[in-house]
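Shown below: coords-v1.pdb, with PDB, C-alpha atoms.
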```pdb
ATOM      1  CA  MET A   1      -3.804   5.852   5.135
ATOM      2  CA  LEU A   2      -5.127   8.362   2.597
ATOM      3  CA  GLY A   3      -1.573   8.522   1.270
ATOM      4  CA  ALA A   4      -1.785   4.870   0.267
ATOM      5  CA  ILE A   5      -5.226   5.338  -1.279
ATOM      6  CA  ALA A   6      -4.130   8.421  -3.210
ATOM      7  CA  GLY A   7      -1.169   6.457  -4.557
ATOM      8  CA  ASP A   8      -3.520   3.706  -5.687
ATOM      9  CA  ILE A   9      -5.845   6.130  -7.470
ATOM     10  CA  ILE A  10      -3.017   8.067  -9.122
ATOM     11  CA  GLY A  11      -1.290   4.872 -10.203
ATOM     12  CA  SER A  12      -4.513   3.259 -11.459
ATOM     13  CA  SER A  13      -4.360   5.131 -14.770
ATOM     14  CA  TYR A  14      -0.971   3.591 -15.510
ATOM     15  CA  GLU A  15      -1.315   0.001 -14.283
ATOM     16  CA  TRP A  16      -2.091  -1.254 -17.784
ATOM     17  CA  HIS A  17      -0.766   1.838 -19.578
ATOM     18  CA  CYS A  18       2.685   1.908 -18.000
ATOM     19  CA  THR A  19       4.787   5.035 -18.146
ATOM     20  CA  LYS A  20       8.441   5.622 -17.445
ATOM     21  CA  ALA A  21       7.850   9.376 -17.405
ATOM     22  CA  TYR A  22       7.893  11.492 -14.258
ATOM     23  CA  ASN A  23       5.675  14.368 -15.392
ATOM     24  CA  PHE A  24       2.605  12.275 -16.129
ATOM     25  CA  GLU A  25      -0.958  13.527 -15.582
ATOM     26  CA  LEU A  26      -1.873  12.787 -11.959
ATOM     27  CA  PHE A  27      -5.584  12.252 -12.554
ATOM     28  CA  THR A  28      -7.169  11.065 -15.799
ATOM     29  CA  ALA A  29     -10.522   9.729 -16.939
ATOM     30  CA  ARG A  30      -9.222   6.273 -15.948
ATOM     31  CA  SER A  31      -8.402   7.263 -12.343
ATOM     32  CA  SER A  32     -10.287   5.125  -9.850
ATOM     33  CA  ILE A  33      -9.930   3.081  -6.719
ATOM     34  CA  THR A  34      -8.727  -0.489  -7.188
ATOM     35  CA  ASP A  35      -8.339  -3.554  -5.005
ATOM     36  CA  ASP A  36      -5.553  -1.716  -3.165
ATOM     37  CA  THR A  37      -7.977   0.843  -1.735
ATOM     38  CA  ILE A  38     -10.808  -1.615  -1.128
ATOM     39  CA  LEU A  39      -8.660  -3.999   0.894
ATOM     40  CA  THR A  40      -6.767  -1.225   2.684
ATOM     41  CA  VAL A  41     -10.110  -0.017   3.998
ATOM     42  CA  ALA A  42     -11.023  -3.597   4.908
ATOM     43  CA  VAL A  43      -7.884  -3.841   7.059
ATOM     44  CA  ALA A  44      -8.695  -0.492   8.684
ATOM     45  CA  ASP A  45     -12.210  -1.738   9.426
ATOM     46  CA  CYS A  46     -10.753  -4.840  11.106
ATOM     47  CA  ILE A  47      -8.492  -2.721  13.304
ATOM     48  CA  LEU A  48     -11.233  -0.258  14.207
ATOM     49  CA  HIS A  49     -13.900  -2.812  15.037
ATOM     50  CA  ASP A  50     -11.891  -5.878  16.045
ATOM     51  CA  LYS A  51     -13.095  -7.879  13.053
ATOM     52  CA  ASP A  52     -11.671 -11.085  11.636
ATOM     53  CA  TYR A  53      -9.222 -10.360   8.801
ATOM     54  CA  ALA A  54     -10.137 -13.271   6.539
ATOM     55  CA  MET A  55     -13.893 -12.844   6.827
ATOM     56  CA  THR A  56     -13.770  -9.061   6.427
ATOM     57  CA  ILE A  57     -11.376  -9.079   3.473
ATOM     58  CA  LYS A  58     -13.594 -11.615   1.708
ATOM     59  CA  GLU A  59     -16.677  -9.557   2.555
ATOM     60  CA  TYR A  60     -15.164  -6.386   1.064
ATOM     61  CA  GLY A  61     -13.955  -8.241  -2.014
ATOM     62  CA  LYS A  62     -17.429  -9.586  -2.694
ATOM     63  CA  GLN A  63     -19.064  -6.221  -2.046
ATOM     64  CA  TYR A  64     -16.677  -4.517  -4.507
ATOM     65  CA  PRO A  65     -16.080  -7.261  -7.093
ATOM     66  CA  TYR A  66     -14.579  -5.093  -9.834
ATOM     67  CA  GLY A  67     -11.404  -4.031  -8.048
ATOM     68  CA  GLY A  68      -9.046  -5.762 -10.455
ATOM     69  CA  TYR A  69      -8.068  -8.548  -8.072
ATOM     70  CA  GLY A  70      -5.342 -11.040  -8.884
ATOM     71  CA  ALA A  71      -6.352 -14.442 -10.224
ATOM     72  CA  PHE A  72      -5.632 -16.389  -7.037
ATOM     73  CA  PHE A  73      -7.390 -13.858  -4.826
ATOM     74  CA  HIS A  74     -10.350 -13.823  -7.198
ATOM     75  CA  SER A  75     -10.590 -17.614  -6.950
ATOM     76  CA  TRP A  76     -10.400 -17.351  -3.158
ATOM     77  CA  LEU A  77     -13.232 -14.818  -3.181
ATOM     78  CA  GLY A  78     -15.402 -17.203  -5.160
ATOM     79  CA  SER A  79     -14.718 -20.166  -2.907
ATOM     80  CA  ASP A  80     -16.380 -21.200   0.346
ATOM     81  CA  SER A  81     -13.001 -21.486   2.045
ATOM     82  CA  LEU A  82     -11.218 -19.003   4.289
ATOM     83  CA  ASP A  83      -7.942 -20.927   4.023
ATOM     84  CA  PRO A  84      -4.900 -19.011   2.688
ATOM     85  CA  TYR A  85      -3.353 -19.956  -0.636
ATOM     86  CA  TRP A  86       0.438 -19.621  -0.136
ATOM     87  CA  SER A  87       0.755 -16.394  -2.100
ATOM     88  CA  PHE A  88       3.772 -14.103  -2.240
ATOM     89  CA  GLY A  89       1.953 -11.527  -4.344
ATOM     90  CA  ASN A  90       2.033  -7.887  -3.293
ATOM     91  CA  GLY A  91      -1.634  -7.933  -2.231
ATOM     92  CA  SER A  92      -0.518  -8.420   1.362
ATOM     93  CA  ALA A  93       1.697  -5.324   1.261
ATOM     94  CA  MET A  94      -0.690  -3.067  -0.642
ATOM     95  CA  ARG A  95      -3.383  -3.323   2.052
ATOM     96  CA  VAL A  96      -1.227  -3.107   5.188
ATOM     97  CA  SER A  97      -0.786   0.645   5.683
ATOM     98  CA  PRO A  98      -3.405   0.975   8.472
ATOM     99  CA  VAL A  99      -1.295  -1.371  10.610
ATOM    100  CA  GLY A 100       1.681   0.969  10.405
ATOM    101  CA  PHE A 101      -0.446   3.920  11.504
ATOM    102  CA  ALA A 102      -2.472   2.281  14.263
ATOM    103  CA  PHE A 103      -0.047   0.488  16.587
ATOM    104  CA  GLU A 104       2.481   1.829  19.039
ATOM    105  CA  SER A 105       5.422  -0.579  19.022
ATOM    106  CA  MET A 106       7.450  -2.247  16.301
ATOM    107  CA  ASP A 107       6.790  -5.708  17.729
ATOM    108  CA  THR A 108       3.039  -5.124  17.594
ATOM    109  CA  VAL A 109       3.225  -3.681  14.084
ATOM    110  CA  LEU A 110       5.150  -6.696  12.823
ATOM    111  CA  GLU A 111       2.803  -9.169  14.478
ATOM    112  CA  GLU A 112      -0.335  -7.412  13.251
ATOM    113  CA  ALA A 113       1.072  -7.091   9.724
ATOM    114  CA  LYS A 114       1.659 -10.842   9.763
ATOM    115  CA  LYS A 115      -1.917 -11.461  10.911
ATOM    116  CA  SER A 116      -3.333  -9.238   8.177
ATOM    117  CA  ALA A 117      -1.208 -10.913   5.505
ATOM    118  CA  GLU A 118      -1.341 -14.598   6.323
ATOM    119  CA  VAL A 119      -5.113 -14.976   5.948
ATOM    120  CA  THR A 120      -4.399 -15.076   2.195
ATOM    121  CA  HIS A 121      -0.669 -14.538   1.659
ATOM    122  CA  ASN A 122       0.867 -17.082   4.030
ATOM    123  CA  HIS A 123       4.045 -17.579   1.984
ATOM    124  CA  PRO A 124       7.065 -16.164   3.894
ATOM    125  CA  GLU A 125       7.664 -13.580   1.147
ATOM    126  CA  GLY A 126       4.037 -12.446   1.308
ATOM    127  CA  ILE A 127       4.278 -11.950   5.052
ATOM    128  CA  LYS A 128       7.679 -10.276   4.792
ATOM    129  CA  GLY A 129       6.449  -7.772   2.219
ATOM    130  CA  ALA A 130       3.545  -6.702   4.408
ATOM    131  CA  GLN A 131       5.785  -6.405   7.453
ATOM    132  CA  ALA A 132       8.355  -4.323   5.573
ATOM    133  CA  ILE A 133       5.777  -1.761   4.420
ATOM    134  CA  ALA A 134       4.098  -1.591   7.830
ATOM    135  CA  ALA A 135       7.461  -1.209   9.582
ATOM    136  CA  SER A 136       8.495   1.552   7.171
ATOM    137  CA  ILE A 137       5.261   3.441   7.873
ATOM    138  CA  PHE A 138       5.651   3.003  11.629
ATOM    139  CA  MET A 139       9.231   4.322  11.583
ATOM    140  CA  ALA A 140       8.312   7.151   9.222
ATOM    141  CA  ARG A 141       5.519   8.431  11.467
ATOM    142  CA  GLU A 142       7.851   8.178  14.462
ATOM    143  CA  GLY A 143      10.252  10.587  12.744
ATOM    144  CA  THR A 144      12.960   8.029  12.013
ATOM    145  CA  SER A 145      15.504   9.191   9.454
ATOM    146  CA  LYS A 146      15.468   7.726   5.976
ATOM    147  CA  GLU A 147      18.897   6.194   6.488
ATOM    148  CA  LYS A 148      17.746   4.421   9.644
ATOM    149  CA  ILE A 149      14.613   3.200   7.861
ATOM    150  CA  ARG A 150      16.778   1.910   5.024
ATOM    151  CA  GLY A 151      19.143   0.193   7.416
ATOM    152  CA  TYR A 152      16.401  -1.476   9.447
ATOM    153  CA  ILE A 153      14.525  -2.790   6.409
ATOM    154  CA  GLU A 154      17.698  -4.125   4.803
ATOM    155  CA  GLU A 155      18.847  -5.862   7.975
ATOM    156  CA  LYS A 156      15.436  -7.197   9.032
ATOM    157  CA  PHE A 157      14.071  -8.283   5.669
ATOM    158  CA  GLY A 158      17.099  -8.679   3.417
ATOM    159  CA  TYR A 159      15.927  -6.272   0.712
ATOM    160  CA  ASN A 160      18.607  -4.367  -1.201
ATOM    161  CA  LEU A 161      17.675  -0.693  -0.881
ATOM    162  CA  HIS A 162      20.981   0.666  -2.162
ATOM    163  CA  VAL A 163      20.098   0.450  -5.838
ATOM    164  CA  THR A 164      18.693   3.644  -7.320
ATOM    165  CA  LEU A 165      15.536   4.283  -9.305
ATOM    166  CA  GLU A 166      17.725   5.404 -12.186
ATOM    167  CA  GLU A 167      19.340   1.970 -12.166
ATOM    168  CA  ILE A 168      16.044   0.106 -11.760
ATOM    169  CA  ARG A 169      13.832   1.983 -14.228
ATOM    170  CA  PRO A 170      15.316   0.975 -17.628
ATOM    171  CA  TYR A 171      14.933  -2.741 -16.962
ATOM    172  CA  TYR A 172      11.949  -2.820 -14.634
ATOM    173  CA  MET A 173       8.808  -4.630 -15.760
ATOM    174  CA  PHE A 174       5.391  -5.395 -14.311
ATOM    175  CA  ASP A 175       5.928  -7.553 -11.221
ATOM    176  CA  GLU A 176       3.125  -8.435  -8.802
ATOM    177  CA  THR A 177       5.318 -10.243  -6.273
ATOM    178  CA  CYS A 178       6.304  -8.764  -2.938
ATOM    179  CA  GLN A 179       9.974  -9.355  -3.582
ATOM    180  CA  GLY A 180       9.699  -7.661  -6.982
ATOM    181  CA  SER A 181       7.764  -4.552  -5.922
ATOM    182  CA  VAL A 182       8.080  -3.860  -2.186
ATOM    183  CA  PRO A 183      11.782  -2.848  -2.305
ATOM    184  CA  GLN A 184      11.106  -0.641  -5.326
ATOM    185  CA  ALA A 185       8.267   1.131  -3.514
ATOM    186  CA  ILE A 186      10.434   1.770  -0.473
ATOM    187  CA  ILE A 187      13.249   3.095  -2.664
ATOM    188  CA  ALA A 188      10.780   5.476  -4.354
ATOM    189  CA  PHE A 189       9.993   6.867  -0.914
ATOM    190  CA  LEU A 190      13.648   7.002   0.149
ATOM    191  CA  GLU A 191      14.597   9.036  -2.930
ATOM    192  CA  SER A 192      11.620  11.387  -2.646
ATOM    193  CA  GLU A 193      11.467  14.989  -1.489
ATOM    194  CA  GLY A 194       7.741  15.096  -0.709
ATOM    195  CA  TYR A 195       4.518  13.139  -0.985
ATOM    196  CA  GLU A 196       3.743  13.871  -4.637
ATOM    197  CA  ASP A 197       7.373  13.293  -5.588
ATOM    198  CA  ALA A 198       7.287   9.829  -3.974
ATOM    199  CA  VAL A 199       4.163   8.822  -5.891
ATOM    200  CA  ARG A 200       5.498  10.193  -9.183
ATOM    201  CA  LYS A 201       8.747   8.294  -8.713
ATOM    202  CA  ALA A 202       6.845   5.088  -7.916
ATOM    203  CA  VAL A 203       4.614   5.307 -10.987
ATOM    204  CA  SER A 204       7.553   6.240 -13.241
ATOM    205  CA  LEU A 205       9.110   2.820 -12.719
ATOM    206  CA  GLY A 206       6.560   1.509 -15.205
ATOM    207  CA  GLY A 207       5.514  -1.550 -13.221
ATOM    208  CA  ASP A 208       2.467  -2.429 -11.130
ATOM    209  CA  SER A 209       1.871   1.288 -10.850
ATOM    210  CA  ASP A 210      -1.150   1.476  -8.566
ATOM    211  CA  THR A 211       0.299  -0.919  -6.016
ATOM    212  CA  ILE A 212       3.835   0.484  -5.997
ATOM    213  CA  ALA A 213       2.418   4.007  -5.632
ATOM    214  CA  CYS A 214       0.037   2.783  -2.922
ATOM    215  CA  MET A 215       2.912   1.349  -0.885
ATOM    216  CA  ALA A 216       5.220   4.323  -1.450
ATOM    217  CA  GLY A 217       2.353   6.751  -0.806
ATOM    218  CA  GLY A 218       1.548   5.243   2.565
ATOM    219  CA  ILE A 219       5.126   5.610   3.743
ATOM    220  CA  ALA A 220       5.391   9.115   2.297
ATOM    221  CA  GLN A 221       2.263  10.313   4.103
ATOM    222  CA  ALA A 222       3.622   8.955   7.380
ATOM    223  CA  TYR A 223       6.994  10.646   6.851
ATOM    224  CA  TYR A 224       6.042  14.017   5.365
ATOM    225  CA  GLY A 225       2.632  14.397   7.008
ATOM    226  CA  VAL A 226       1.404  16.582   4.155
ATOM    227  CA  ILE A 227      -0.641  15.734   1.085
ATOM    228  CA  LEU A 228      -1.431  18.712  -1.116
ATOM    229  CA  GLU A 229      -5.039  19.871  -0.972
ATOM    230  CA  TYR A 230      -5.799  19.344  -4.651
ATOM    231  CA  ILE A 231      -4.709  15.700  -4.341
ATOM    232  CA  LYS A 232      -6.730  15.146  -1.160
ATOM    233  CA  ASP A 233      -9.831  16.785  -2.619
ATOM    234  CA  LYS A 234      -9.743  14.756  -5.833
ATOM    235  CA  VAL A 235      -9.078  11.504  -4.000
ATOM    236  CA  ARG A 236     -11.960  12.073  -1.607
ATOM    237  CA  GLU A 237     -14.256  12.601  -4.615
ATOM    238  CA  LEU A 238     -13.280   9.213  -6.004
ATOM    239  CA  ILE A 239     -13.668   7.134  -2.837
ATOM    240  CA  PRO A 240     -17.145   5.604  -2.382
ATOM    241  CA  THR A 241     -19.004   7.106   0.566
ATOM    242  CA  LYS A 242     -19.052   3.902   2.604
ATOM    243  CA  LEU A 243     -15.283   3.438   2.272
ATOM    244  CA  LEU A 244     -14.594   7.102   2.962
ATOM    245  CA  ALA A 245     -16.512   6.852   6.236
ATOM    246  CA  ILE A 246     -14.092   4.162   7.424
ATOM    247  CA  VAL A 247     -11.106   6.272   6.323
ATOM    248  CA  ASP A 248     -12.397   9.263   8.284
ATOM    249  CA  GLU A 249     -13.184   7.162  11.344
ATOM    250  CA  PHE A 250      -9.703   5.647  11.243
ATOM    251  CA  ASN A 251      -8.005   9.040  10.927
ATOM    252  CA  LYS A 252     -10.012  10.399  13.846
ATOM    253  CA  ARG A 253      -9.349   7.367  16.058
ATOM    254  CA  TYR A 254      -5.613   7.367  15.459
ATOM    255  CA  LYS A 255      -5.238  11.142  15.360
ATOM    256  CA  ILE A 256      -3.896  11.269  11.835
ATOM    257  CA  ALA A 257      -3.920  14.804  10.464
ATOM    258  CA  SER A 258      -7.296  15.683   8.985
ATOM    259  CA  VAL A 259      -7.548  14.513   5.404
TER
END
```

For this file, produce the structure as structure tokens.
Amino acid sequence: MLGAIAGDIIGSSYEWHCTKAYNFELFTARSSITDDTILTVAVADCILHDKDYAMTIKEYGKQYPYGGYGAFFHSWLGSDSLDPYWSFGNGSAMRVSPVGFAFESMDTVLEEAKKSAEVTHNHPEGIKGAQAIAASIFMAREGTSKEKIRGYIEEKFGYNLHVTLEEIRPYYMFDETCQGSVPQAIIAFLESEGYEDAVRKAVSLGGDSDTIACMAGGIAQAYYGVILEYIKDKVRELIPTKLLAIVDEFNKRYKIASV
């Protein structure tokens, strides 16, 4: 899941300073983890230690309160309730990458993605977005071809993955919904030629850069299996020690290449 976290950190510089350029600076003084990383690690912690998704996600959100959470999630964090709030925001999809790496059948991946999403994002689009990213990661790590990944996601979830980034980019704006960012993230991966290329393409859309790069980066890591050392080293520097320990434990448990 370091691929998702690296995408978040790289994209964080451009979330509120959007760029349509491809050759942007990967790491800047603004580079940091955001809610994408915090809640991705929370999901990994749940999988590793059989924890409750709602309680653990709220616990992580309160422990790291400055992650840049969406307004509805922030209100949920401040409440005494664990009830979901019918969201179709992309928060469900940004945190789901551990599910795609940890489970061994598509049925299990889809069910677990639903469980991880619906504790907050129980709108059908919120669940669908999480399932689509998790399914893409699962197929990518299984060595499925890009065309088969495209075909499955289109048929299963109804996303149009036959538009190109060149067609999307001129008109694309900041969109925090699953339906307005999940397909774009998957297309960034589908058009990529490597991990860094996928993240650069995702950020260059000029939208919700950290989250689109997080989603695309998770799929790209699963597919290519290689993240360049200078990216890994910088990302590890920027992850708090407590979160990094969960990342390392997860990678060891699920035999993901050492990162």

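Using all atoms listed in the file, the shortest contact distance between Ser75 (chain A) and any of A:Thr120, A:Glu111, A:Thr56, A:Gly158 is found at A:Thr120.
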
Selection result for the PyMOL selection byres ((chain A and resi 211) around 9) on this file, as JSON, numbers by chain: {"A": [4, 7, 8, 11, 12, 15, 36, 90, 91, 93, 94, 176, 181, 185, 207, 208, 209, 210, 212, 213, 214, 215, 216]}

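Between CA of Leu205 (chain A) and CA of Pro170 (chain A) there is a distance of 8.1 Å.
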
Report as a CSV table (one decimal) with C-alpha atoms, in the frame of the given file the full result of the PyMOL selection byres ((chain A and resi 201) around 10) when it is applied to this structure.
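File written: selection_14.csv
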```
chain,number,residue,atom,x,y,z
A,20,LYS,CA,8.4,5.6,-17.4
A,21,ALA,CA,7.8,9.4,-17.4
A,22,TYR,CA,7.9,11.5,-14.3
A,23,ASN,CA,5.7,14.4,-15.4
A,165,LEU,CA,15.5,4.3,-9.3
A,169,ARG,CA,13.8,2.0,-14.2
A,184,GLN,CA,11.1,-0.6,-5.3
A,185,ALA,CA,8.3,1.1,-3.5
A,187,ILE,CA,13.2,3.1,-2.7
A,188,ALA,CA,10.8,5.5,-4.4
A,189,PHE,CA,10.0,6.9,-0.9
A,191,GLU,CA,14.6,9.0,-2.9
A,192,SER,CA,11.6,11.4,-2.6
A,196,GLU,CA,3.7,13.9,-4.6
A,197,ASP,CA,7.4,13.3,-5.6
A,198,ALA,CA,7.3,9.8,-4.0
A,199,VAL,CA,4.2,8.8,-5.9
A,200,ARG,CA,5.5,10.2,-9.2
A,202,ALA,CA,6.8,5.1,-7.9
A,203,VAL,CA,4.6,5.3,-11.0
A,204,SER,CA,7.6,6.2,-13.2
A,205,LEU,CA,9.1,2.8,-12.7
A,206,GLY,CA,6.6,1.5,-15.2
A,212,ILE,CA,3.8,0.5,-6.0
A,213,ALA,CA,2.4,4.0,-5.6
A,216,ALA,CA,5.2,4.3,-1.4
```

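Distances here use all atoms listed in the file; by that measure, the residue among A:Val41, A:Ile10, A:Ala29, A:Cys178 closest to Ala245 (chain A) is A:Val41.
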
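One distance worth recording is that between CA of Arg236 (chain A) and CA of Phe101 (chain A), which is 19.3 Å.
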
Around region 74-86 of chain A, fit a box with edges along x, y and z, padding it by 3 Å on each side, then list its centre and edge lengths in Å to one decimal as JSON.
```
{"center_x": -8.0, "center_y": -17.7, "center_z": -1.5, "size_x": 22.8, "size_y": 13.7, "size_z": 17.5}
```

Residue among A:Ile219, A:Leu26, A:Ile168, A:Ile38 lying closest to Met139 (chain A), counting all atoms listed in the file: A:Ile219

Option closest in space to Ser97 (chain A), from A:Asn160, A:Gln221, A:Thr144, A:Thr28 [counting all atoms listed in the file]: A:Gln221

Spatial neighbours of region 123-129 of chain A, 6 Å, all atoms listed in the file, chain gap at least 4 places, as number ranges by chain: A: 86-88, 93, 114, 117, 178

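Taking all atoms listed in the file into account, Ser31 (chain A) lies nearest to A:Ser13 out of the set A:Thr19, A:Ser13, A:Glu154, A:Ser145.
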
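For Leu238 (chain A), the list of residues within 12 Å, based on only C-alpha atoms and with local chain neighbours fewer than 2 positions off taken out, reads Leu2, Ile5, Ala6, Asp8, Ile9, Ile10, Ser12, Phe27, Thr28, Ala29, Arg30, Ser31, Ser32, Ile33, Thr34, Thr37, Ile231, Lys232, Asp233, Lys234, Val235, Arg236, Pro240, Thr241, Lys242, Leu243 and Leu244 of chain A.
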